[in-house]
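> target.cif is the file, holding mmCIF, C-alpha atoms, pLDDT in the B column; chains and numbers go by the auth columns:
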```cif
data_structure
#
loop_
_atom_site.group_PDB
_atom_site.id
_atom_site.type_symbol
_atom_site.label_atom_id
_atom_site.label_comp_id
_atom_site.label_asym_id
_atom_site.label_seq_id
_atom_site.Cartn_x
_atom_site.Cartn_y
_atom_site.Cartn_z
_atom_site.B_iso_or_equiv
_atom_site.auth_seq_id
_atom_site.auth_asym_id
ATOM 1 C CA MET A 1 8.171 6.663 7.375 63.00 259 A
ATOM 2 C CA LYS A 2 10.017 3.470 6.430 61.00 260 A
ATOM 3 C CA LYS A 3 7.073 1.444 7.737 64.00 261 A
ATOM 4 C CA THR A 4 4.677 3.364 5.520 63.00 262 A
ATOM 5 C CA ILE A 5 6.860 2.882 2.477 63.00 263 A
ATOM 6 C CA ALA A 6 7.302 -0.814 3.267 57.00 264 A
ATOM 7 C CA THR A 7 3.564 -1.242 3.757 62.00 265 A
ATOM 8 C CA LEU A 8 2.786 0.472 0.502 57.00 266 A
ATOM 9 C CA ALA A 9 5.436 -1.559 -1.312 57.00 267 A
ATOM 10 C CA LEU A 10 3.781 -4.654 0.075 57.00 268 A
ATOM 11 C CA LEU A 11 0.476 -3.364 -1.219 58.00 269 A
ATOM 12 C CA ALA A 12 1.945 -2.965 -4.693 60.00 270 A
ATOM 13 C CA PHE A 13 3.372 -6.483 -4.559 62.00 271 A
ATOM 14 C CA ALA A 14 0.062 -7.821 -3.299 61.00 272 A
ATOM 15 C CA ILE A 15 -1.793 -6.223 -6.178 61.00 273 A
ATOM 16 C CA PHE A 16 0.703 -7.687 -8.629 62.00 274 A
ATOM 17 C CA ALA A 17 0.443 -11.081 -6.946 60.00 275 A
ATOM 18 C CA ALA A 18 -3.318 -11.107 -7.134 56.00 276 A
ATOM 19 C CA ALA A 19 -3.145 -10.153 -10.804 54.00 277 A
ATOM 20 C CA GLN A 20 -0.780 -13.000 -11.600 57.00 278 A
ATOM 21 C CA SER A 21 -2.415 -15.786 -9.589 52.00 279 A
ATOM 22 C CA LYS A 22 -4.228 -18.370 -11.663 50.00 280 A
ATOM 23 C CA GLN A 23 -3.976 -16.075 -14.669 52.00 281 A
ATOM 24 C CA GLN A 24 -6.985 -14.109 -13.514 61.00 282 A
ATOM 25 C CA ARG A 25 -7.344 -10.419 -14.044 69.00 283 A
ATOM 26 C CA PHE A 26 -6.813 -8.280 -10.983 69.00 284 A
ATOM 27 C CA SER A 27 -9.972 -6.737 -9.632 79.00 285 A
ATOM 28 C CA PRO A 28 -9.340 -3.629 -7.513 82.00 286 A
ATOM 29 C CA ASP A 29 -12.892 -3.879 -6.191 86.00 287 A
ATOM 30 C CA LYS A 30 -12.382 -7.472 -5.039 86.00 288 A
ATOM 31 C CA PHE A 31 -9.013 -6.616 -3.507 85.00 289 A
ATOM 32 C CA ARG A 32 -10.529 -3.654 -1.641 90.00 290 A
ATOM 33 C CA ALA A 33 -13.508 -5.740 -0.470 92.00 291 A
ATOM 34 C CA ASP A 34 -11.228 -8.552 0.732 92.00 292 A
ATOM 35 C CA MET A 35 -9.014 -6.082 2.566 93.00 293 A
ATOM 36 C CA GLU A 36 -11.967 -4.304 4.174 94.00 294 A
ATOM 37 C CA GLN A 37 -13.478 -7.607 5.280 95.00 295 A
ATOM 38 C CA PHE A 38 -10.148 -8.763 6.713 94.00 296 A
ATOM 39 C CA ILE A 39 -9.530 -5.463 8.534 95.00 297 A
ATOM 40 C CA ALA A 40 -13.080 -5.291 9.915 96.00 298 A
ATOM 41 C CA LYS A 41 -12.792 -8.834 11.252 96.00 299 A
ATOM 42 C CA GLU A 42 -9.278 -8.456 12.686 95.00 300 A
ATOM 43 C CA ALA A 43 -10.033 -5.094 14.334 95.00 301 A
ATOM 44 C CA CYS A 44 -13.492 -6.222 15.523 95.00 302 A
ATOM 45 C CA LEU A 45 -15.218 -3.290 13.824 95.00 303 A
ATOM 46 C CA THR A 46 -18.981 -3.231 14.134 95.00 304 A
ATOM 47 C CA PRO A 47 -21.015 -2.808 10.927 95.00 305 A
ATOM 48 C CA GLN A 48 -21.772 0.766 12.007 96.00 306 A
ATOM 49 C CA GLU A 49 -18.091 1.527 12.586 95.00 307 A
ATOM 50 C CA SER A 50 -17.153 -0.043 9.255 95.00 308 A
ATOM 51 C CA ALA A 51 -19.780 1.994 7.435 95.00 309 A
ATOM 52 C CA LYS A 52 -18.303 5.213 8.834 96.00 310 A
ATOM 53 C CA PHE A 53 -14.637 4.207 8.774 96.00 311 A
ATOM 54 C CA PHE A 54 -14.043 2.744 5.305 95.00 312 A
ATOM 55 C CA PRO A 55 -15.204 5.715 3.195 96.00 313 A
ATOM 56 C CA VAL A 56 -12.677 7.904 5.044 96.00 314 A
ATOM 57 C CA TYR A 57 -10.053 5.140 4.770 96.00 315 A
ATOM 58 C CA ASP A 58 -10.634 4.953 0.998 95.00 316 A
ATOM 59 C CA GLU A 59 -10.286 8.737 0.788 96.00 317 A
ATOM 60 C CA MET A 60 -6.881 8.518 2.498 96.00 318 A
ATOM 61 C CA ASN A 61 -5.737 5.700 0.194 94.00 319 A
ATOM 62 C CA LYS A 62 -6.756 7.695 -2.870 95.00 320 A
ATOM 63 C CA LYS A 63 -4.611 10.637 -1.748 96.00 321 A
ATOM 64 C CA GLN A 64 -1.696 8.330 -0.961 95.00 322 A
ATOM 65 C CA ARG A 65 -1.932 6.601 -4.357 94.00 323 A
ATOM 66 C CA ALA A 66 -1.709 9.992 -6.074 95.00 324 A
ATOM 67 C CA ILE A 67 1.566 10.685 -4.276 96.00 325 A
ATOM 68 C CA PHE A 68 2.898 7.211 -5.065 94.00 326 A
ATOM 69 C CA SER A 69 2.156 7.843 -8.724 95.00 327 A
ATOM 70 C CA ARG A 70 4.101 11.101 -8.588 95.00 328 A
ATOM 71 C CA LYS A 71 7.022 9.333 -6.890 95.00 329 A
ATOM 72 C CA ARG A 72 6.970 6.559 -9.480 95.00 330 A
ATOM 73 C CA ARG A 73 6.983 9.057 -12.363 94.00 331 A
ATOM 74 C CA LEU A 74 9.850 11.005 -10.829 93.00 332 A
ATOM 75 C CA SER A 75 11.903 7.875 -10.168 91.00 333 A
ATOM 76 C CA LYS A 76 11.718 6.421 -13.670 92.00 334 A
ATOM 77 C CA VAL A 77 14.766 8.229 -15.015 89.00 335 A
ATOM 78 C CA LYS A 78 18.012 8.785 -13.140 92.00 336 A
ATOM 79 C CA PRO A 79 19.311 12.317 -13.582 92.00 337 A
ATOM 80 C CA ALA A 80 22.596 12.674 -15.458 92.00 338 A
ATOM 81 C CA ASP A 81 24.525 14.537 -12.763 94.00 339 A
ATOM 82 C CA ASP A 82 24.838 14.877 -8.998 95.00 340 A
ATOM 83 C CA LYS A 83 22.903 18.149 -8.937 95.00 341 A
ATOM 84 C CA GLY A 84 19.949 16.512 -10.670 94.00 342 A
ATOM 85 C CA CYS A 85 20.134 13.506 -8.347 95.00 343 A
ATOM 86 C CA ARG A 86 20.190 15.794 -5.301 96.00 344 A
ATOM 87 C CA GLU A 87 17.125 17.680 -6.551 95.00 345 A
ATOM 88 C CA LEU A 88 15.289 14.437 -7.273 96.00 346 A
ATOM 89 C CA ILE A 89 16.104 13.013 -3.847 96.00 347 A
ATOM 90 C CA GLU A 90 14.868 16.216 -2.207 96.00 348 A
ATOM 91 C CA LYS A 91 11.611 16.056 -4.195 95.00 349 A
ATOM 92 C CA LEU A 92 11.120 12.398 -3.227 96.00 350 A
ATOM 93 C CA ASP A 93 11.833 13.228 0.424 96.00 351 A
ATOM 94 C CA LYS A 94 9.201 15.983 0.321 97.00 352 A
ATOM 95 C CA LEU A 95 6.689 13.504 -1.104 96.00 353 A
ATOM 96 C CA ASP A 96 7.523 11.058 1.710 96.00 354 A
ATOM 97 C CA VAL A 97 6.854 13.800 4.258 97.00 355 A
ATOM 98 C CA GLU A 98 3.603 14.614 2.473 97.00 356 A
ATOM 99 C CA LEU A 99 2.602 10.942 2.741 96.00 357 A
ATOM 100 C CA LYS A 100 3.287 10.972 6.461 96.00 358 A
ATOM 101 C CA GLN A 101 1.290 14.182 6.903 97.00 359 A
ATOM 102 C CA ILE A 102 -1.674 12.627 5.118 97.00 360 A
ATOM 103 C CA GLN A 103 -1.398 9.571 7.336 96.00 361 A
ATOM 104 C CA GLN A 104 -1.231 11.721 10.476 96.00 362 A
ATOM 105 C CA THR A 105 -4.232 13.813 9.401 97.00 363 A
ATOM 106 C CA TYR A 106 -6.318 10.748 8.668 97.00 364 A
ATOM 107 C CA HIS A 107 -5.313 8.979 11.872 97.00 365 A
ATOM 108 C CA THR A 108 -6.823 11.941 13.727 97.00 366 A
ATOM 109 C CA LYS A 109 -10.001 11.655 11.624 97.00 367 A
ATOM 110 C CA PHE A 110 -10.139 7.900 12.232 97.00 368 A
ATOM 111 C CA MET A 111 -9.907 8.358 16.002 96.00 369 A
ATOM 112 C CA ALA A 112 -13.039 10.531 15.820 96.00 370 A
ATOM 113 C CA ILE A 113 -14.806 7.557 14.180 96.00 371 A
ATOM 114 C CA ILE A 114 -13.399 4.567 16.073 97.00 372 A
ATOM 115 C CA PRO A 115 -11.534 4.228 19.381 96.00 373 A
ATOM 116 C CA PRO A 116 -7.728 4.513 19.201 97.00 374 A
ATOM 117 C CA SER A 117 -7.374 0.881 20.313 96.00 375 A
ATOM 118 C CA LYS A 118 -9.392 -0.245 17.296 96.00 376 A
ATOM 119 C CA LEU A 119 -7.420 2.070 15.009 96.00 377 A
ATOM 120 C CA PHE A 120 -4.248 0.422 16.265 97.00 378 A
ATOM 121 C CA ASP A 121 -5.809 -2.953 15.412 96.00 379 A
ATOM 122 C CA VAL A 122 -6.779 -1.626 11.957 96.00 380 A
ATOM 123 C CA ILE A 123 -3.189 -0.560 11.272 95.00 381 A
ATOM 124 C CA LYS A 124 -1.860 -3.963 12.351 96.00 382 A
ATOM 125 C CA ALA A 125 -4.544 -5.784 10.343 95.00 383 A
ATOM 126 C CA GLU A 126 -3.667 -3.823 7.200 94.00 384 A
ATOM 127 C CA GLU A 127 0.004 -4.758 7.585 93.00 385 A
ATOM 128 C CA LYS A 128 -0.952 -8.396 8.181 94.00 386 A
ATOM 129 C CA PHE A 129 -3.189 -8.432 5.100 93.00 387 A
ATOM 130 C CA HIS A 130 -0.404 -7.066 2.906 88.00 388 A
ATOM 131 C CA ARG A 131 2.112 -9.564 4.295 90.00 389 A
ATOM 132 C CA ARG A 132 -0.283 -12.418 3.511 88.00 390 A
ATOM 133 C CA MET A 133 -0.842 -11.158 -0.005 83.00 391 A
ATOM 134 C CA LEU A 134 2.918 -10.951 -0.511 82.00 392 A
ATOM 135 C CA ARG A 135 3.363 -14.455 0.879 82.00 393 A
ATOM 136 C CA ASN A 136 0.687 -15.707 -1.539 77.00 394 A
ATOM 137 C CA PHE A 137 2.558 -13.990 -4.345 70.00 395 A
ATOM 138 C CA ASN A 138 5.778 -15.770 -3.382 68.00 396 A
ATOM 139 C CA HIS A 139 4.085 -19.175 -3.287 66.00 397 A
ATOM 140 C CA ARG A 140 2.081 -18.967 -6.482 60.00 398 A
ATOM 141 C CA PRO A 141 2.658 -21.697 -9.084 58.00 399 A
ATOM 142 C CA LYS A 142 5.256 -20.825 -11.694 57.00 400 A
ATOM 143 C CA PRO A 143 3.861 -20.398 -15.220 54.00 401 A
ATOM 144 C CA GLN A 144 4.661 -23.103 -17.748 56.00 402 A
ATOM 145 C CA GLY A 145 6.662 -22.195 -20.816 53.00 403 A
ATOM 146 C CA LYS A 146 10.036 -20.633 -21.309 53.00 404 A
ATOM 147 C CA PRO A 147 12.058 -20.107 -18.144 52.00 405 A
ATOM 148 C CA GLN A 148 12.212 -16.658 -16.635 54.00 406 A
ATOM 149 C CA SER A 149 15.658 -15.162 -16.203 53.00 407 A
ATOM 150 C CA LYS A 150 16.452 -13.236 -13.060 54.00 408 A
ATOM 151 C CA PRO A 151 17.145 -9.544 -13.526 54.00 409 A
ATOM 152 C CA GLN A 152 20.776 -8.706 -12.928 55.00 410 A
ATOM 153 C CA ARG A 153 21.669 -6.101 -10.348 52.00 411 A
ATOM 154 C CA LYS A 154 24.086 -3.383 -11.170 49.00 412 A
#
```
What's the C-alpha cells form of this structure?

Amino acid sequence: MKKTIATLALLAFAIFAAAQSKQQRFSPDKFRADMEQFIAKEACLTPQESAKFFPVYDEMNKKQRAIFSRKRRLSKVKPADDKGCRELIEKLDKLDVELKQIQQTYHTKFMAIIPPSKLFDVIKAEEKFHRRMLRNFNHRPKPQGKPQSKPQRK
C-alpha cells in the first residue's frame, strides 16, 4: 500500500513538475501520451496489446484519481479533537484499502489482456516514469525574480 501511495505521490509531483517546466501549461493529454509511450516501450508491448491494455489502464487511473480527490478533500482540515482525528484516519485508511482493491481488480483484468511478465514490466515502467518526472522536477531551472522562502515545518 505504501508503494501505491508513493507512486501516486510521485505522479502528483510529476504533473506539477511538468506544469512548472519552462513556464508551459501542463497538458494531461501529453503527459498521458508520454507515459503510455514510455510504458509500451519499456514493457515491450505490441501495438495490439497497447490498444487493448491502455483503455483499461486509463479506466483504473480514473477510479484511483477519484479516491485521491476524496482523500485530499478529507485531509485539508485537521479535526479539533482526538475523536475527530481518529475518525478521519479510519476514513483515510478505508480509502487506502479501496485503492488497493481497485489495483488488485485491475491487475487481474490486465493479466487477461497481457502476460503477467509484461504486466510486471508495466508496473516497473510506470514507477520508473514517475521517478524520472520527479527527477526532472528537481532539476528544473529556478524562476527569476524574488527568492522563494522554504515552508517551515511544525
> Between atom CA of Leu357 of chain A and atom CA of Ser327 of chain A, measure the distance and give it in Å to one decimal.
11.9 Å
> Please compute the atom CA of Pro313 of chain A-atom CA of Glu356 of chain A distance, one decimal, in Å.
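Distance reported for this atom pair: 20.8 Å.
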> For this structure, which residues satisfy the selection - the PyMOL selection byres ((chain A and resi 384) around 9) - when it is evaluated on the file as given? I want them as a VMD selection string.
chain A and resid 265 293 to 294 296 to 297 379 to 383 385 to 389
> Between A:Leu303, A:Ala291, A:Ala324, A:Leu353, which one has atoms that come closest to Phe378 of chain A, using only C-alpha atoms?
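Looking at the shortest contact to Phe378 of chain A, the residue is A:Leu303.
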> Scan for residues within 8 Å of the point (-13.3, 7.1, 12.2) in the coordinates of the file, using all atoms listed in the file, and reply as an MDAnalysis selection string.
chainID A and resid 307 310:311 314 367:373
> Of the residues A:Leu346, A:Gln362, A:Lys376, A:Tyr315, which is the one nearest to Arg328 of chain A, using all atoms listed in the file?
A:Leu346
> Go through A:Thr366, A:Gln295, A:Arg330, A:Gln322 and flag the residue nearest Ser308 of chain A, using all atoms listed in the file for the distances.
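Of A:Thr366, A:Gln295, A:Arg330, A:Gln322, the one nearest Ser308 of chain A, counting all atoms listed in the file, is A:Gln295.
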> Rounded to one decimal place, report the atom CA of Gln359 of chain A-atom CA of Arg344 of chain A distance in Å.
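A separation of 22.6 Å between them.
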